[in-house]
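Asks: File name final36.csv; file contents CSV, C-alpha atoms and all ligand atoms; full text below.
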chain,number,residue,atom,x,y,z
A,1,MET,CA,114.9,39.9,12.4
A,2,SER,CA,118.5,40.9,12.1
A,3,ASP,CA,122.0,39.6,12.5
A,4,GLY,CA,121.0,35.9,12.1
A,5,TYR,CA,118.7,36.0,15.2
A,6,VAL,CA,115.3,37.3,16.3
A,7,TRP,CA,116.1,39.8,19.0
A,8,PHE,CA,113.7,40.3,21.9
A,9,GLU,CA,114.4,42.4,24.9
A,10,GLY,CA,118.1,42.3,24.1
A,11,ILE,CA,118.3,38.5,23.9
A,12,PRO,CA,118.9,36.6,20.6
A,13,PHE,CA,116.4,34.0,19.8
A,14,PRO,CA,116.5,31.4,17.0
A,15,LEU,CA,115.2,32.4,13.5
A,16,VAL,CA,112.8,29.5,13.0
A,17,ASP,CA,109.5,29.5,14.9
A,18,TYR,CA,110.2,32.5,17.1
A,19,THR,CA,108.8,36.0,16.7
A,20,PRO,CA,108.9,39.1,19.0
A,21,GLU,CA,105.1,39.2,18.9
A,22,HIS,CA,104.8,35.6,20.1
A,23,LEU,CA,107.5,36.0,22.7
A,24,ARG,CA,105.6,39.0,24.1
A,25,ALA,CA,102.3,37.1,24.1
A,26,MET,CA,104.0,34.0,25.6
A,27,GLN,CA,104.8,36.0,28.7
A,28,ASN,CA,101.1,35.7,29.6
A,29,PHE,CA,101.1,31.9,29.4
A,30,VAL,CA,99.3,30.5,32.5
A,31,PHE,CA,101.1,27.6,34.2
A,32,LYS,CA,99.0,25.1,36.2
A,33,ASP,CA,100.0,23.4,39.4
A,34,GLU,CA,100.0,20.0,37.8
A,35,ASP,CA,102.4,21.0,34.9
A,36,VAL,CA,106.0,19.8,34.8
A,37,LEU,CA,108.4,22.3,33.3
A,38,THR,CA,111.9,21.4,32.0
A,39,VAL,CA,114.2,24.5,31.7
A,40,SER,CA,117.7,24.5,30.3
A,41,PHE,CA,120.2,26.4,28.3
A,42,PRO,CA,120.2,24.8,24.8
A,43,LYS,CA,122.5,21.8,24.4
A,44,SER,CA,122.4,20.9,28.1
A,45,GLY,CA,120.8,17.5,27.3
A,46,THR,CA,117.2,18.9,27.3
A,47,ASN,CA,115.9,16.2,25.0
A,48,TRP,CA,117.4,13.4,27.1
A,49,LEU,CA,115.6,14.7,30.1
A,50,ILE,CA,112.4,15.1,28.2
A,51,GLU,CA,112.7,11.4,27.0
A,52,ILE,CA,113.2,10.4,30.7
A,53,LEU,CA,110.2,12.4,31.8
A,54,CYS,CA,108.0,10.9,29.1
A,55,LEU,CA,109.1,7.4,30.0
A,56,ILE,CA,108.4,8.1,33.7
A,57,TYR,CA,104.9,9.2,32.8
A,58,SER,CA,104.3,6.2,30.5
A,59,LYS,CA,105.8,3.9,33.2
A,60,GLY,CA,108.6,2.7,30.9
A,61,ASP,CA,106.2,1.9,28.0
A,62,PRO,CA,108.0,3.1,24.9
A,63,THR,CA,104.9,3.5,22.7
A,64,TRP,CA,104.6,7.2,23.3
A,65,VAL,CA,108.2,8.1,22.7
A,66,GLN,CA,108.2,5.9,19.6
A,67,SER,CA,105.1,7.4,18.0
A,68,VAL,CA,105.0,11.2,18.8
A,69,PRO,CA,107.8,13.7,18.1
A,70,ILE,CA,109.6,14.8,21.2
A,71,TRP,CA,108.7,18.5,20.6
A,72,GLU,CA,105.0,17.5,20.7
A,73,ARG,CA,105.3,15.5,23.9
A,74,SER,CA,106.9,18.3,25.8
A,75,PRO,CA,106.5,21.4,23.7
A,76,TRP,CA,108.6,24.5,24.0
A,77,VAL,CA,106.3,27.3,25.3
A,78,GLU,CA,108.4,30.0,23.5
A,79,ASN,CA,108.1,28.8,20.0
A,80,THR,CA,104.9,29.3,18.1
A,81,ARG,CA,104.2,25.6,17.3
A,82,GLY,CA,104.9,24.5,20.8
A,83,TYR,CA,102.6,27.2,22.2
A,84,GLN,CA,99.7,26.1,19.9
A,85,ILE,CA,99.9,22.6,21.2
A,86,LEU,CA,100.1,23.7,24.9
A,87,LYS,CA,97.3,26.2,25.0
A,88,ASP,CA,94.6,23.7,24.1
A,89,LYS,CA,96.1,20.8,26.1
A,90,GLU,CA,94.0,19.4,29.0
A,91,GLY,CA,95.4,17.8,32.1
A,92,PRO,CA,99.0,17.7,33.3
A,93,ARG,CA,101.4,19.0,30.7
A,94,LEU,CA,105.0,18.4,30.1
A,95,ILE,CA,106.5,21.8,29.0
A,96,THR,CA,110.0,22.8,27.9
A,97,SER,CA,111.7,26.1,27.8
A,98,HIS,CA,115.1,27.7,27.2
A,99,VAL,CA,113.9,31.3,28.0
A,100,PRO,CA,115.9,33.3,30.6
A,101,ILE,CA,114.1,33.7,33.9
A,102,HIS,CA,113.6,37.5,33.5
A,103,LEU,CA,111.6,37.0,30.3
A,104,PHE,CA,109.6,34.0,31.6
A,105,PRO,CA,105.8,34.0,32.1
A,106,LYS,CA,105.3,35.4,35.6
A,107,SER,CA,102.5,32.8,36.3
A,108,ILE,CA,105.3,30.3,37.0
A,109,PHE,CA,106.1,32.2,40.3
A,110,LYS,CA,102.6,31.8,41.6
A,111,SER,CA,102.0,28.2,40.6
A,112,LYS,CA,103.1,25.0,42.1
A,113,THR,CA,104.3,23.7,38.7
A,114,LYS,CA,107.2,21.4,39.2
A,115,VAL,CA,110.3,22.9,37.6
A,116,ILE,CA,113.4,20.9,36.7
A,117,TYR,CA,116.4,23.1,35.8
A,118,LEU,CA,119.0,21.1,33.9
A,119,ILE,CA,122.6,22.2,34.0
A,120,ARG,CA,125.7,21.0,32.1
A,121,ASN,CA,129.3,22.0,31.9
A,122,PRO,CA,129.1,25.1,29.7
A,123,ARG,CA,132.3,24.1,27.9
A,124,ASP,CA,130.5,21.0,26.7
A,125,ILE,CA,127.4,23.1,25.9
A,126,LEU,CA,129.6,25.4,23.8
A,127,VAL,CA,131.1,22.5,21.8
A,128,SER,CA,127.7,20.7,21.4
A,129,GLY,CA,126.1,24.0,20.3
A,130,TYR,CA,128.8,24.7,17.8
A,131,PHE,CA,128.5,21.3,16.1
A,132,PHE,CA,124.7,21.6,16.1
A,133,TRP,CA,124.4,25.1,14.7
A,134,ILE,CA,126.7,24.5,11.8
A,135,ILE,CA,124.3,21.8,10.5
A,136,SER,CA,121.1,23.7,11.3
A,137,ARG,CA,119.2,26.6,9.9
A,138,PHE,CA,118.1,27.7,13.3
A,139,VAL,CA,120.6,30.4,14.2
A,140,LYS,CA,123.5,32.4,12.9
A,141,ARG,CA,126.0,29.9,11.7
A,142,PRO,CA,129.5,30.2,13.2
A,143,GLU,CA,132.5,30.0,10.8
A,144,SER,CA,134.8,28.3,13.3
A,145,LEU,CA,134.8,27.1,16.9
A,146,GLU,CA,137.1,30.0,17.7
A,147,GLN,CA,134.4,32.4,16.5
A,148,TYR,CA,131.7,30.6,18.4
A,149,PHE,CA,133.8,30.6,21.5
A,150,GLU,CA,133.8,34.4,21.4
A,151,TRP,CA,130.1,34.6,20.7
A,152,PHE,CA,129.3,32.3,23.6
A,153,ILE,CA,131.4,34.3,26.1
A,154,GLN,CA,129.7,37.5,25.0
A,155,GLY,CA,126.2,35.9,25.2
A,156,HIS,CA,125.8,36.4,21.5
A,157,VAL,CA,124.2,33.0,21.0
A,158,ALA,CA,120.6,31.6,21.0
A,159,PHE,CA,118.9,32.5,24.4
A,160,GLY,CA,121.8,34.8,25.4
A,161,SER,CA,124.5,34.4,28.1
A,162,TRP,CA,124.8,30.9,29.7
A,163,PHE,CA,126.2,32.7,32.7
A,164,ASP,CA,123.1,34.9,33.1
A,165,HIS,CA,120.7,32.1,32.3
A,166,THR,CA,122.2,29.8,34.9
A,167,ARG,CA,122.5,32.5,37.6
A,168,GLY,CA,118.9,33.5,36.9
A,169,TRP,CA,117.3,30.1,37.2
A,170,MET,CA,119.6,28.9,40.0
A,171,SER,CA,118.0,31.7,42.1
A,172,MET,CA,115.0,29.4,42.4
A,173,ARG,CA,117.0,26.5,43.9
A,174,GLY,CA,115.9,25.4,47.3
A,175,GLN,CA,112.2,26.0,46.6
A,176,GLU,CA,110.0,22.9,47.2
A,177,ASN,CA,108.8,22.8,43.6
A,178,VAL,CA,112.3,23.2,42.0
A,179,LEU,CA,114.8,20.5,41.3
A,180,ILE,CA,118.3,21.0,39.8
A,181,VAL,CA,119.6,18.1,37.7
A,182,SER,CA,123.0,17.9,35.9
A,183,TYR,CA,123.8,16.2,32.7
A,184,GLU,CA,126.9,15.0,34.5
A,185,GLU,CA,124.9,13.1,37.2
A,186,LEU,CA,122.6,11.7,34.5
A,187,LYS,CA,125.7,10.4,32.7
A,188,GLN,CA,127.5,9.1,35.8
A,189,ASP,CA,124.6,7.2,37.3
A,190,THR,CA,121.4,7.4,35.2
A,191,ARG,CA,119.4,5.1,37.5
A,192,SER,CA,120.0,7.2,40.6
A,193,ALA,CA,119.3,10.4,38.8
A,194,VAL,CA,116.0,9.0,37.4
A,195,LEU,CA,115.0,7.8,40.9
A,196,LYS,CA,115.8,11.4,42.2
A,197,ILE,CA,113.5,12.8,39.5
A,198,CYS,CA,110.8,10.3,40.3
A,199,HIS,CA,110.9,11.2,44.0
A,200,PHE,CA,110.6,14.9,43.1
A,201,LEU,CA,107.6,14.2,40.9
A,202,GLY,CA,106.0,11.8,43.4
A,203,LYS,CA,106.1,8.9,41.0
A,204,THR,CA,107.2,5.3,41.5
A,205,LEU,CA,108.4,2.8,38.9
A,206,GLU,CA,108.4,-1.0,39.2
A,207,PRO,CA,111.9,-2.5,38.6
A,208,GLU,CA,111.0,-3.6,35.0
A,209,GLU,CA,109.5,-0.2,34.2
A,210,LEU,CA,112.7,1.5,35.4
A,211,SER,CA,114.8,-1.0,33.3
A,212,SER,CA,112.7,-0.3,30.2
A,213,LEU,CA,113.0,3.5,30.8
A,214,LEU,CA,116.8,3.2,31.1
A,215,THR,CA,116.9,1.2,27.8
A,216,HIS,CA,114.7,3.6,25.8
A,217,SER,CA,116.3,6.8,27.1
A,218,SER,CA,119.9,5.5,26.4
A,219,PHE,CA,122.0,7.4,23.9
A,220,GLN,CA,122.0,4.5,21.4
A,221,VAL,CA,118.3,3.9,21.5
A,222,MET,CA,117.4,7.6,21.3
A,223,LYS,CA,119.9,7.9,18.4
A,224,GLU,CA,117.9,5.3,16.4
A,225,ASN,CA,114.5,6.8,17.4
A,226,LYS,CA,113.3,9.1,14.7
A,227,MET,CA,110.7,10.6,17.1
A,228,SER,CA,113.6,11.8,19.3
A,229,ASN,CA,116.7,12.3,17.2
A,230,TYR,CA,115.4,15.3,15.1
A,231,THR,CA,116.0,13.5,11.8
A,232,LEU,CA,112.3,14.3,11.1
A,233,LEU,CA,113.4,18.0,10.9
A,234,ARG,CA,116.0,17.4,8.2
A,235,GLY,CA,115.3,19.9,5.4
A,236,TRP,CA,113.6,22.3,7.9
A,237,LEU,CA,115.5,22.9,11.0
A,238,ILE,CA,118.5,20.7,10.1
A,239,GLU,CA,120.1,21.4,6.8
A,240,ASP,CA,122.6,18.5,6.7
A,241,LYS,CA,121.1,15.4,5.2
A,242,ASN,CA,122.8,13.2,7.8
A,243,GLY,CA,122.2,15.7,10.7
A,244,SER,CA,120.9,14.6,14.0
A,245,LEU,CA,120.6,15.9,17.6
A,246,MET,CA,122.5,12.9,18.9
A,247,ARG,CA,126.1,13.7,18.4
A,248,LYS,CA,128.5,12.1,21.0
A,249,GLY,CA,126.5,12.1,24.2
A,250,ILE,CA,129.5,12.3,26.6
A,251,SER,CA,130.9,14.6,29.3
A,252,GLY,CA,134.1,16.3,28.8
A,253,ASP,CA,134.3,16.5,25.0
A,254,TRP,CA,135.4,20.1,25.3
A,255,LYS,CA,138.9,18.8,26.1
A,256,ASN,CA,139.1,17.5,22.5
A,257,HIS,CA,138.3,20.9,21.1
A,258,PHE,CA,139.5,23.8,23.3
A,259,THR,CA,143.0,25.1,23.0
A,260,VAL,CA,145.0,25.5,26.2
A,261,ALA,CA,144.5,29.3,25.9
A,262,GLN,CA,140.7,28.8,25.5
A,263,ALA,CA,140.5,26.5,28.4
A,264,GLU,CA,142.4,29.0,30.6
A,265,ALA,CA,140.3,31.9,29.4
A,266,PHE,CA,137.1,30.0,30.1
A,267,ASP,CA,138.3,29.1,33.6
A,268,ARG,CA,139.0,32.7,34.4
A,269,ILE,CA,135.7,33.9,33.0
A,270,PHE,CA,133.7,31.2,34.8
A,271,ARG,CA,135.4,32.2,38.1
A,272,GLU,CA,134.7,35.9,37.6
A,273,LYS,CA,131.1,35.5,36.6
A,274,MET,CA,130.0,32.7,39.0
A,275,ALA,CA,132.2,33.6,42.0
A,276,ASP,CA,129.4,34.3,44.4
A,277,LEU,CA,127.6,30.9,43.8
A,278,PRO,CA,128.6,27.8,45.8
A,279,PRO,CA,131.0,25.7,43.7
A,280,GLU,CA,129.2,22.5,44.7
A,281,LEU,CA,126.3,23.6,42.4
A,282,PHE,CA,128.6,22.8,39.5
A,283,PRO,CA,129.6,19.2,39.7
A,284,TRP,CA,132.0,19.5,36.7
A,285,GLU,CA,134.2,22.3,38.3
A,301,LIG,N1,120.3,9.8,25.8
A,301,LIG,C1,121.3,10.6,25.8
A,301,LIG,N2,122.5,10.4,26.5
A,301,LIG,C2,123.5,11.2,26.5
A,301,LIG,N3,123.5,12.4,25.9
A,301,LIG,C3,122.4,12.7,25.2
A,301,LIG,C4,121.3,11.9,25.1
A,301,LIG,N4,120.3,12.5,24.3
A,301,LIG,C5,120.9,13.6,23.9
A,301,LIG,N5,122.1,13.8,24.4
A,301,LIG,C6,123.1,14.9,24.1
A,301,LIG,O1,122.5,16.1,24.6
A,301,LIG,C7,123.0,17.2,23.7
A,301,LIG,C8,121.8,17.9,23.1
A,301,LIG,O2,121.3,18.7,24.1
A,301,LIG,P1,119.8,19.3,23.9
A,301,LIG,O3,118.8,18.3,24.0
A,301,LIG,O4,119.7,20.3,25.1
A,301,LIG,O5,119.8,20.1,22.6
A,301,LIG,C9,123.9,16.5,22.7
A,301,LIG,O6,125.2,16.5,23.2
A,301,LIG,P2,126.5,16.4,22.4
A,301,LIG,O7,126.4,17.3,21.2
A,301,LIG,O8,127.6,16.8,23.3
A,301,LIG,O9,126.6,15.0,22.0
A,301,LIG,C10,123.3,15.1,22.6
A,301,LIG,O10,124.2,14.1,22.1
A,302,LIG,C1,111.2,22.0,17.2
A,302,LIG,C2,111.4,22.0,18.6
A,302,LIG,C3,112.6,22.8,19.1
A,302,LIG,C4,113.8,22.5,18.5
A,302,LIG,C5,114.9,23.2,18.9
A,302,LIG,C6,114.8,24.1,20.0
A,302,LIG,O1,115.9,24.8,20.4
A,302,LIG,S1,117.3,24.4,20.6
A,302,LIG,O2,117.8,23.7,19.4
A,302,LIG,O3,117.3,23.5,21.8
A,302,LIG,O4,118.0,25.6,20.9
A,302,LIG,C7,113.7,24.3,20.6
A,302,LIG,C8,112.6,23.6,20.1
As a first step, turn the structure in this file into structure tokens.

Replies:
Amino acid sequence: MSDGYVWFEGIPFPLVDYTPEHLRAMQNFVFKDEDVLTVSFPKSGTNWLIEILCLIYSKGDPTWVQSVPIWERSPWVENTRGYQILKDKEGPRLITSHVPIHLFPKSIFKSKTKVIYLIRNPRDILVSGYFFWIISRFVKRPESLEQYFEWFIQGHVAFGSWFDHTRGWMSMRGQENVLIVSYEELKQDTRSAVLKICHFLGKTLEPEELSSLLTHSSFQVMKENKMSNYTLLRGWLIEDKNGSLMRKGISGDWKNHFTVAQAEAFDRIFREKMADLPPELFPWE
């Protein structure tokens, strides 16, 4: 451990619950065809998508999401606690990860595991990350948004460069077992996005099940649900006694925080780094 991160293969990982030994061992994790994997860069809306997946699997019944912490329902394969839960779990598993594709268990490429890659405007990810890391004990704490902006551009943040992460996982797009979902489409029309996810998973919901899912995965209800809002982790992961994962839950908050110069610099860097990818992949651009 150094520099406020656990470093593994040149990528900074969070301090709590991550070790180089585990990250190496995790690379031999065996995915099964019936697993469903959520992958994202942190602060993309990962927990929102997990809540939706849990409610799809429970057919809109909120009992599971109200009684089991979200990180036990769809554990992160790369942290030690998540891995312990997953390795002994029978049957179809919901699994989460933030790991860049080049460090991911190779078994994923041989399995028919359904993979959902969640994307979000990196400007909003940056702002969301800044406000989360300053209340948490998880990673090196930035002193200002200005400082965090520089770290983010350099990839000196948890799980490395957003640009590399996105380019890496986007290379799987078009495969039958891979679905790309954006935070922005979830925000704009949650119902349609949920139906798209159901179709991908081969699941159907009755109208009242869908309606219950939409209620229980809404920002306000998740904010009040202690099994989903991370308030159970106060004192461990979250230092602030009022801290929560659920901050604003909107698209475009970056406009309230970036200076004009930062916005212009980000546009330029985005164009440089993502130039060869079709712009329609990024609905916020
Ligand atoms: N039901 C929901 N609706 C909208 N946004 C949600 C949400 N649940 C979580 N989020 C937002 O997703 C972000 C956290 O992402 P992750 O789960 O990947 O850590 C936070 O963004 P903000 O900080 O912009 O509010 C959080 O508010
Ligand atoms: C405890 C489960 C957990 C919490 C936070 C994680 O990472 S991040 O905050 O999304 O970067 C991962 C797993």

Asks: Neighbours of ligand LIG 301 (chain A) within 9 Å, counting all atoms listed in the file, as a ChimeraX atom specification?

Replies: /A:40-52,98,118,124-132,183,186-187,216-223,228-229,244-254

Asks: May I ask which of the residues A:Lys32, A:Arg167, A:Lys87, A:His22 is the closest one to Phe270 (chain A), counting all atoms listed in the file?

Replies: A:Arg167

Asks: Give me the residues within 8 Å of region 156-161 of chain A as a compact mmCIF listing (two decimals) with C-alpha atoms, keeping the file's coordinate frame, counting all atoms listed in the file and dropping any in the same chain fewer than 6 places off.

Replies:
# COMPACT_ATOMS: atom_id res chain seq x y z
CA TYR A 5 118.70 36.00 15.20
CA ILE A 11 118.30 38.50 23.90
CA PRO A 12 118.90 36.60 20.60
CA PHE A 13 116.40 34.00 19.80
CA PRO A 14 116.50 31.40 17.00
CA PHE A 41 120.20 26.40 28.30
CA PRO A 42 120.20 24.80 24.80
CA HIS A 98 115.10 27.70 27.20
CA VAL A 99 113.90 31.30 28.00
CA PRO A 100 115.90 33.30 30.60
CA VAL A 139 120.60 30.40 14.20

Asks: Pick the closest to ligand LIG 302 (chain A) from A:Phe282, A:Phe31, A:Trp71, A:Tyr230: which is it, counting all atoms listed in the file?

Replies: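 That would be A:Trp71, the residue with the smallest distance to ligand LIG 302 (chain A).
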
Asks: To one decimal place, how far is CA of Ser171 (chain A) from atom C4 of ligand LIG 302 (chain A) in Å?

Replies: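 That distance, rounded to one decimal, is 25.7 Å.
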
Asks: Which centre and edge lengths in Å to one decimal define the box along x, y and z that fits every listed atom of ligand LIG 302 (chain A) plus 5 Å per side, as JSON?

Replies:
{"center_x": 114.6, "center_y": 23.8, "center_z": 19.5, "size_x": 16.8, "size_y": 13.6, "size_z": 14.6}

Asks: So which residues fall inside 10 Å of (108.5, 23.3, 34.7) if we count all atoms listed in the file? Mind giving them as a list in words?

Replies: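 Result, sorted by chain then residue number: Phe31, Lys32, Asp33, Glu34, Asp35, Val36, Leu37, Thr38, Val39, Arg93, Leu94, Ile95, Thr96, Ser97, Ile108, Lys112, Thr113, Lys114, Val115, Ile116, Tyr117, Asn177, Val178 and Leu179 of chain A.
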
Asks: Between A:Ser67, A:Gln27, A:Asn256, A:Thr215, which residue has the minimum interatomic distance to Leu103 (chain A), considering only C-alpha atoms?

Replies: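 Among the listed residues, A:Gln27 lies closest to Leu103 (chain A).
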
Asks: Got a sec: who's within 9 Å of Ile56 (chain A), counting all atoms listed in the file, leaving out chain neighbours fewer than 3 positions off, as a list in words?

Replies: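 Contacts, in chain order: Glu51, Ile52, Leu53, Lys59, Gly60, Asp61, Val194, Cys198, Lys203, Thr204, Leu205, Glu209, Leu210 and Leu213 of chain A.
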
Asks: Hey, which of A:Ile238, A:Ala275, A:Leu55, A:Ile269 ends up closest to ligand LIG 302 (chain A)? Count only C-alpha atoms and all ligand atoms.

Replies: A:Ile238

Asks: May I ask for the distance between CA of Phe258 (chain A) and CA of Thr231 (chain A), given in Å to one decimal place?

Replies: 28.1 Å

Asks: Given all atoms listed in the file as the basis, pick out the residue of A:Gly91, A:Gly155, A:Gly82, A:Pro105 nearest to ligand LIG 302 (chain A).

Replies: A:Gly82

Asks: Which is closer to ligand LIG 302 (chain A) than all the others in A:Gly10, A:Pro62, A:Gly4, A:Pro69, using all atoms listed in the file?

Replies: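 Among the listed residues, the smallest separation from ligand LIG 302 (chain A) belongs to A:Pro69.
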
Asks: Find the residues near Leu281 (chain A): any atom within 12 Å, counting only C-alpha atoms, skip ones fewer than 4 places away on the same chain, and give them as a PyMOL selection string.

Replies: chain A and resi 117-121+166-167+170-171+173-174+179-182+184-185+274-277+285

Asks: Using all atoms listed in the file, which residues sit within 7 Å of Ile101 (chain A) once same-chain residues fewer than 3 positions away are excluded, as a VMD selection string?

Replies: chain A and resid 104 165 168 to 169

Asks: Provide the CA of Leu233 (chain A) to atom C2 of ligand LIG 302 (chain A) distance in Å, to one decimal place.

Replies: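 We find that CA of Leu233 (chain A) and atom C2 of ligand LIG 302 (chain A) lie 8.9 Å from each other.
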